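Shown next: upload.cif, containing mmCIF, N, CA and C atoms.
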```cif
data_final
loop_
_atom_site.group_PDB
_atom_site.id
_atom_site.type_symbol
_atom_site.label_atom_id
_atom_site.label_comp_id
_atom_site.auth_asym_id
_atom_site.auth_seq_id
_atom_site.Cartn_x
_atom_site.Cartn_y
_atom_site.Cartn_z
ATOM 1 N N MET A 16 92.770 98.504 101.973
ATOM 2 C CA MET A 16 92.626 97.163 102.509
ATOM 3 C C MET A 16 91.272 96.624 102.055
ATOM 4 N N THR A 17 91.285 95.408 101.528
ATOM 5 C CA THR A 17 90.035 94.801 101.079
ATOM 6 C C THR A 17 89.298 94.173 102.262
ATOM 7 N N GLU A 18 88.047 93.847 102.024
ATOM 8 C CA GLU A 18 87.258 93.189 103.083
ATOM 9 C C GLU A 18 87.847 91.824 103.432
ATOM 10 N N LYS A 19 88.348 91.112 102.439
ATOM 11 C CA LYS A 19 88.955 89.804 102.683
ATOM 12 C C LYS A 19 90.208 89.948 103.555
ATOM 13 N N GLN A 20 91.038 90.928 103.263
ATOM 14 C CA GLN A 20 92.241 91.163 104.067
ATOM 15 C C GLN A 20 91.855 91.546 105.498
ATOM 16 N N ARG A 21 90.866 92.414 105.619
ATOM 17 C CA ARG A 21 90.405 92.847 106.940
ATOM 18 C C ARG A 21 89.878 91.646 107.737
ATOM 19 N N PHE A 22 89.115 90.779 107.077
ATOM 20 C CA PHE A 22 88.592 89.590 107.736
ATOM 21 C C PHE A 22 89.722 88.700 108.245
ATOM 22 N N LEU A 23 90.719 88.451 107.398
ATOM 23 C CA LEU A 23 91.844 87.599 107.793
ATOM 24 C C LEU A 23 92.606 88.196 108.971
ATOM 25 N N ILE A 24 92.811 89.495 108.939
ATOM 26 C CA ILE A 24 93.520 90.167 110.031
ATOM 27 C C ILE A 24 92.759 90.022 111.337
ATOM 28 N N TYR A 25 91.460 90.308 111.307
ATOM 29 C CA TYR A 25 90.662 90.223 112.536
ATOM 30 C C TYR A 25 90.545 88.790 113.037
ATOM 31 N N ALA A 26 90.472 87.829 112.126
ATOM 32 C CA ALA A 26 90.429 86.424 112.543
ATOM 33 C C ALA A 26 91.728 86.052 113.264
ATOM 34 N N HIS A 27 92.857 86.460 112.702
ATOM 35 C CA HIS A 27 94.148 86.188 113.342
ATOM 36 C C HIS A 27 94.249 86.882 114.698
ATOM 37 N N LEU A 28 93.807 88.133 114.760
ATOM 38 C CA LEU A 28 93.881 88.857 116.023
ATOM 39 C C LEU A 28 93.089 88.143 117.111
ATOM 40 N N GLY A 29 91.907 87.658 116.777
ATOM 41 C CA GLY A 29 91.100 86.925 117.756
ATOM 42 C C GLY A 29 91.776 85.649 118.211
ATOM 43 N N ASN A 30 92.339 84.910 117.269
ATOM 44 C CA ASN A 30 93.016 83.657 117.603
ATOM 45 C C ASN A 30 94.280 83.900 118.422
ATOM 46 N N LEU A 31 95.040 84.926 118.063
ATOM 47 C CA LEU A 31 96.254 85.236 118.817
ATOM 48 C C LEU A 31 95.916 85.738 120.214
ATOM 49 N N LEU A 32 94.863 86.513 120.332
ATOM 50 C CA LEU A 32 94.426 86.992 121.644
ATOM 51 C C LEU A 32 94.067 85.809 122.540
ATOM 52 N N ALA A 33 93.325 84.855 121.990
ATOM 53 C CA ALA A 33 92.958 83.660 122.761
ATOM 54 C C ALA A 33 94.195 82.866 123.159
ATOM 55 N N SER A 34 95.155 82.756 122.257
ATOM 56 C CA SER A 34 96.380 82.010 122.542
ATOM 57 C C SER A 34 97.190 82.686 123.647
ATOM 58 N N ILE A 35 97.313 83.997 123.586
ATOM 59 C CA ILE A 35 98.047 84.731 124.619
ATOM 60 C C ILE A 35 97.368 84.553 125.966
ATOM 61 N N ARG A 36 96.040 84.647 125.987
ATOM 62 C CA ARG A 36 95.293 84.469 127.241
ATOM 63 C C ARG A 36 95.576 83.102 127.836
ATOM 64 N N GLU A 37 95.510 82.080 126.994
ATOM 65 C CA GLU A 37 95.686 80.703 127.466
ATOM 66 C C GLU A 37 97.116 80.442 127.942
ATOM 67 N N LYS A 38 98.094 80.837 127.147
ATOM 68 C CA LYS A 38 99.489 80.544 127.471
ATOM 69 C C LYS A 38 100.009 81.335 128.670
ATOM 70 N N ASN A 39 99.427 82.518 128.900
ATOM 71 C CA ASN A 39 99.917 83.375 129.980
ATOM 72 C C ASN A 39 98.949 83.460 131.145
ATOM 73 N N ASN A 40 97.803 82.785 131.018
ATOM 74 C CA ASN A 40 96.786 82.785 132.067
ATOM 75 C C ASN A 40 96.453 84.218 132.521
ATOM 76 N N VAL A 41 96.087 85.049 131.527
ATOM 77 C CA VAL A 41 95.772 86.456 131.805
ATOM 78 C C VAL A 41 94.376 86.783 131.280
ATOM 79 N N SER A 42 93.878 87.932 131.693
ATOM 80 C CA SER A 42 92.563 88.397 131.244
ATOM 81 C C SER A 42 92.652 88.886 129.790
ATOM 82 N N ILE A 43 91.489 89.143 129.212
ATOM 83 C CA ILE A 43 91.454 89.658 127.848
ATOM 84 C C ILE A 43 92.175 91.005 127.770
ATOM 85 N N SER A 44 91.943 91.856 128.753
ATOM 86 C CA SER A 44 92.576 93.178 128.720
ATOM 87 C C SER A 44 94.099 93.070 128.843
ATOM 88 N N GLU A 45 94.573 92.139 129.656
ATOM 89 C CA GLU A 45 96.022 91.943 129.776
ATOM 90 C C GLU A 45 96.599 91.378 128.476
ATOM 91 N N ALA A 46 95.892 90.441 127.863
ATOM 92 C CA ALA A 46 96.351 89.867 126.598
ATOM 93 C C ALA A 46 96.396 90.943 125.517
ATOM 94 N N LEU A 47 95.401 91.802 125.492
ATOM 95 C CA LEU A 47 95.377 92.892 124.521
ATOM 96 C C LEU A 47 96.534 93.858 124.767
ATOM 97 N N LYS A 48 96.840 94.128 126.016
ATOM 98 C CA LYS A 48 97.979 94.996 126.356
ATOM 99 C C LYS A 48 99.285 94.382 125.856
ATOM 100 N N ILE A 49 99.432 93.072 126.010
ATOM 101 C CA ILE A 49 100.623 92.380 125.500
ATOM 102 C C ILE A 49 100.716 92.557 123.990
ATOM 103 N N MET A 50 99.577 92.376 123.312
ATOM 104 C CA MET A 50 99.560 92.525 121.853
ATOM 105 C C MET A 50 99.939 93.944 121.446
ATOM 106 N N LEU A 51 99.422 94.923 122.150
ATOM 107 C CA LEU A 51 99.737 96.323 121.834
ATOM 108 C C LEU A 51 101.198 96.639 122.127
ATOM 109 N N ASP A 52 101.682 96.193 123.283
ATOM 110 C CA ASP A 52 103.069 96.460 123.676
ATOM 111 C C ASP A 52 104.070 95.840 122.704
ATOM 112 N N LYS A 53 103.754 94.660 122.195
ATOM 113 C CA LYS A 53 104.658 93.961 121.284
ATOM 114 C C LYS A 53 104.484 94.396 119.828
ATOM 115 N N GLY A 54 103.474 95.230 119.550
ATOM 116 C CA GLY A 54 103.259 95.701 118.179
ATOM 117 C C GLY A 54 102.617 94.670 117.272
ATOM 118 N N ILE A 55 102.006 93.652 117.862
ATOM 119 C CA ILE A 55 101.421 92.566 117.069
ATOM 120 C C ILE A 55 100.301 93.078 116.175
ATOM 121 N N ILE A 56 99.463 93.946 116.705
ATOM 122 C CA ILE A 56 98.336 94.460 115.930
ATOM 123 C C ILE A 56 98.851 95.260 114.731
ATOM 124 N N GLN A 57 99.828 96.112 114.959
ATOM 125 C CA GLN A 57 100.382 96.922 113.884
ATOM 126 C C GLN A 57 101.040 96.049 112.820
ATOM 127 N N GLU A 58 101.750 95.011 113.255
ATOM 128 C CA GLU A 58 102.401 94.109 112.299
ATOM 129 C C GLU A 58 101.375 93.398 111.413
ATOM 130 N N LEU A 59 100.292 92.941 112.029
ATOM 131 C CA LEU A 59 99.265 92.259 111.240
ATOM 132 C C LEU A 59 98.551 93.209 110.288
ATOM 133 N N GLU A 60 98.328 94.440 110.713
ATOM 134 C CA GLU A 60 97.623 95.399 109.867
ATOM 135 C C GLU A 60 98.504 95.968 108.755
ATOM 136 N N ASP A 61 99.807 95.804 108.852
ATOM 137 C CA ASP A 61 100.723 96.250 107.801
ATOM 138 C C ASP A 61 100.705 95.192 106.695
ATOM 139 N N LEU A 62 100.004 95.481 105.630
ATOM 140 C CA LEU A 62 99.829 94.501 104.558
ATOM 141 C C LEU A 62 101.146 94.104 103.899
ATOM 142 N N GLU A 63 102.139 94.960 103.952
ATOM 143 C CA GLU A 63 103.428 94.656 103.332
ATOM 144 C C GLU A 63 104.167 93.522 104.030
ATOM 145 N N THR A 64 103.869 93.268 105.313
ATOM 146 C CA THR A 64 104.524 92.160 106.018
ATOM 147 C C THR A 64 104.020 90.818 105.509
ATOM 148 N N GLY A 65 102.787 90.787 105.012
ATOM 149 C CA GLY A 65 102.191 89.547 104.547
ATOM 150 C C GLY A 65 101.760 88.625 105.671
ATOM 151 N N TYR A 66 101.870 89.084 106.918
ATOM 152 C CA TYR A 66 101.511 88.240 108.061
ATOM 153 C C TYR A 66 100.052 87.784 108.010
ATOM 154 N N TYR A 67 99.176 88.605 107.473
ATOM 155 C CA TYR A 67 97.761 88.240 107.447
ATOM 156 C C TYR A 67 97.501 86.998 106.595
ATOM 157 N N LEU A 68 98.456 86.610 105.755
ATOM 158 C CA LEU A 68 98.315 85.423 104.908
ATOM 159 C C LEU A 68 98.846 84.154 105.563
ATOM 160 N N GLU A 69 99.516 84.297 106.691
ATOM 161 C CA GLU A 69 100.148 83.159 107.371
ATOM 162 C C GLU A 69 99.187 82.455 108.323
ATOM 163 N N GLY A 70 99.593 81.296 108.794
ATOM 164 C CA GLY A 70 98.812 80.541 109.767
ATOM 165 C C GLY A 70 99.068 81.048 111.181
ATOM 166 N N ASP A 71 98.154 80.734 112.073
ATOM 167 C CA ASP A 71 98.266 81.206 113.457
ATOM 168 C C ASP A 71 99.521 80.694 114.155
ATOM 169 N N ALA A 72 99.889 79.435 113.933
ATOM 170 C CA ALA A 72 101.089 78.879 114.587
ATOM 171 C C ALA A 72 102.338 79.644 114.136
ATOM 172 N N TYR A 73 102.418 79.931 112.863
ATOM 173 C CA TYR A 73 103.548 80.705 112.353
ATOM 174 C C TYR A 73 103.572 82.094 112.989
ATOM 175 N N LEU A 74 102.415 82.725 113.077
ATOM 176 C CA LEU A 74 102.339 84.072 113.645
ATOM 177 C C LEU A 74 102.764 84.087 115.104
ATOM 178 N N GLU A 75 102.401 83.055 115.845
ATOM 179 C CA GLU A 75 102.826 82.988 117.249
ATOM 180 C C GLU A 75 104.345 82.986 117.343
ATOM 181 N N ASP A 76 104.988 82.221 116.483
ATOM 182 C CA ASP A 76 106.459 82.170 116.486
ATOM 183 C C ASP A 76 107.069 83.462 115.947
ATOM 184 N N ALA A 77 106.533 83.968 114.852
ATOM 185 C CA ALA A 77 107.105 85.136 114.199
ATOM 186 C C ALA A 77 106.929 86.412 115.018
ATOM 187 N N LEU A 78 105.837 86.509 115.727
ATOM 188 C CA LEU A 78 105.575 87.735 116.467
ATOM 189 C C LEU A 78 105.966 87.629 117.932
ATOM 190 N N ILE A 79 106.639 86.525 118.290
ATOM 191 C CA ILE A 79 107.226 86.327 119.610
ATOM 192 C C ILE A 79 106.211 86.544 120.744
ATOM 193 N N ILE A 80 105.238 85.695 120.775
ATOM 194 C CA ILE A 80 104.251 85.765 121.854
ATOM 195 C C ILE A 80 104.876 85.178 123.106
ATOM 196 N N PRO A 81 104.871 85.914 124.210
ATOM 197 C CA PRO A 81 105.488 85.411 125.455
ATOM 198 C C PRO A 81 104.741 84.202 126.011
ATOM 199 N N GLN A 82 105.478 83.364 126.716
ATOM 200 C CA GLN A 82 104.862 82.174 127.319
ATOM 201 C C GLN A 82 105.106 82.178 128.804
#
```
Represent the structure from my file as structure tokens, please.
Amino acid sequence: MTEKQRFLIYAHLGNLLASIREKNNVSISEALKIMLDKGIIQELEDLETGYYLEGDAYLEDALIIPQ
């Protein structure tokens, strides 16, 4: 994984974490648990999915973030 790929992944993870917190009115730890339970982190870190190249709105839909 290159530094650029790692940066994009971490940027998306931060944005998705904030979105989950806001939409579900939960703490950071609860939002992180949702991300772990749904496999969002693993999906983003799997470079073959190409998710790290997508926009945050697309990722919210594709990774089925609960509302």
Exercise for review: Run through the PyMOL selection byres (((chain A and resi 50-54 and name CA) around 12) and name CA) on the given coordinates and return the selected residues as JSON, numbers by chain.
Suggested key: {"A": [27, 28, 29, 30, 31, 32, 33, 34, 35, 36, 43, 44, 45, 46, 47, 48, 49, 55, 56, 57, 58, 59, 60, 61, 75, 77, 78, 79, 80, 81]}
**Study point:** Between atom CA of Ile24 of chain A and atom CA of Gly70 of chain A - distance in Å to one decimal
**Key:**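 Atom-to-atom, atom CA of Gly70 of chain A to atom CA of Ile24 of chain A, that is 11.0 Å.
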Study note, to complete from the structure: Here atom CA of Thr64 of chain A and atom C of Lys38 of chain A stand apart by 25.5 Å
**Study point:** Point-to-point distance from atom CA of Tyr67 of chain A to atom CA of Glu37 of chain A, Å rounded to tenths
**Key:** 21.5 Å
If I wrap all listed atoms of segment 48-60 of chain A in a box with edges along x, y and z and add 5 Å on each side, what are its centre and edge lengths in Å to one decimal, as AutoDock Vina command-line options?
```
--center_x 100.7 --center_y 94.6 --center_z 117.6 --size_x 17.8 --size_y 14.7 --size_z 27.6
```
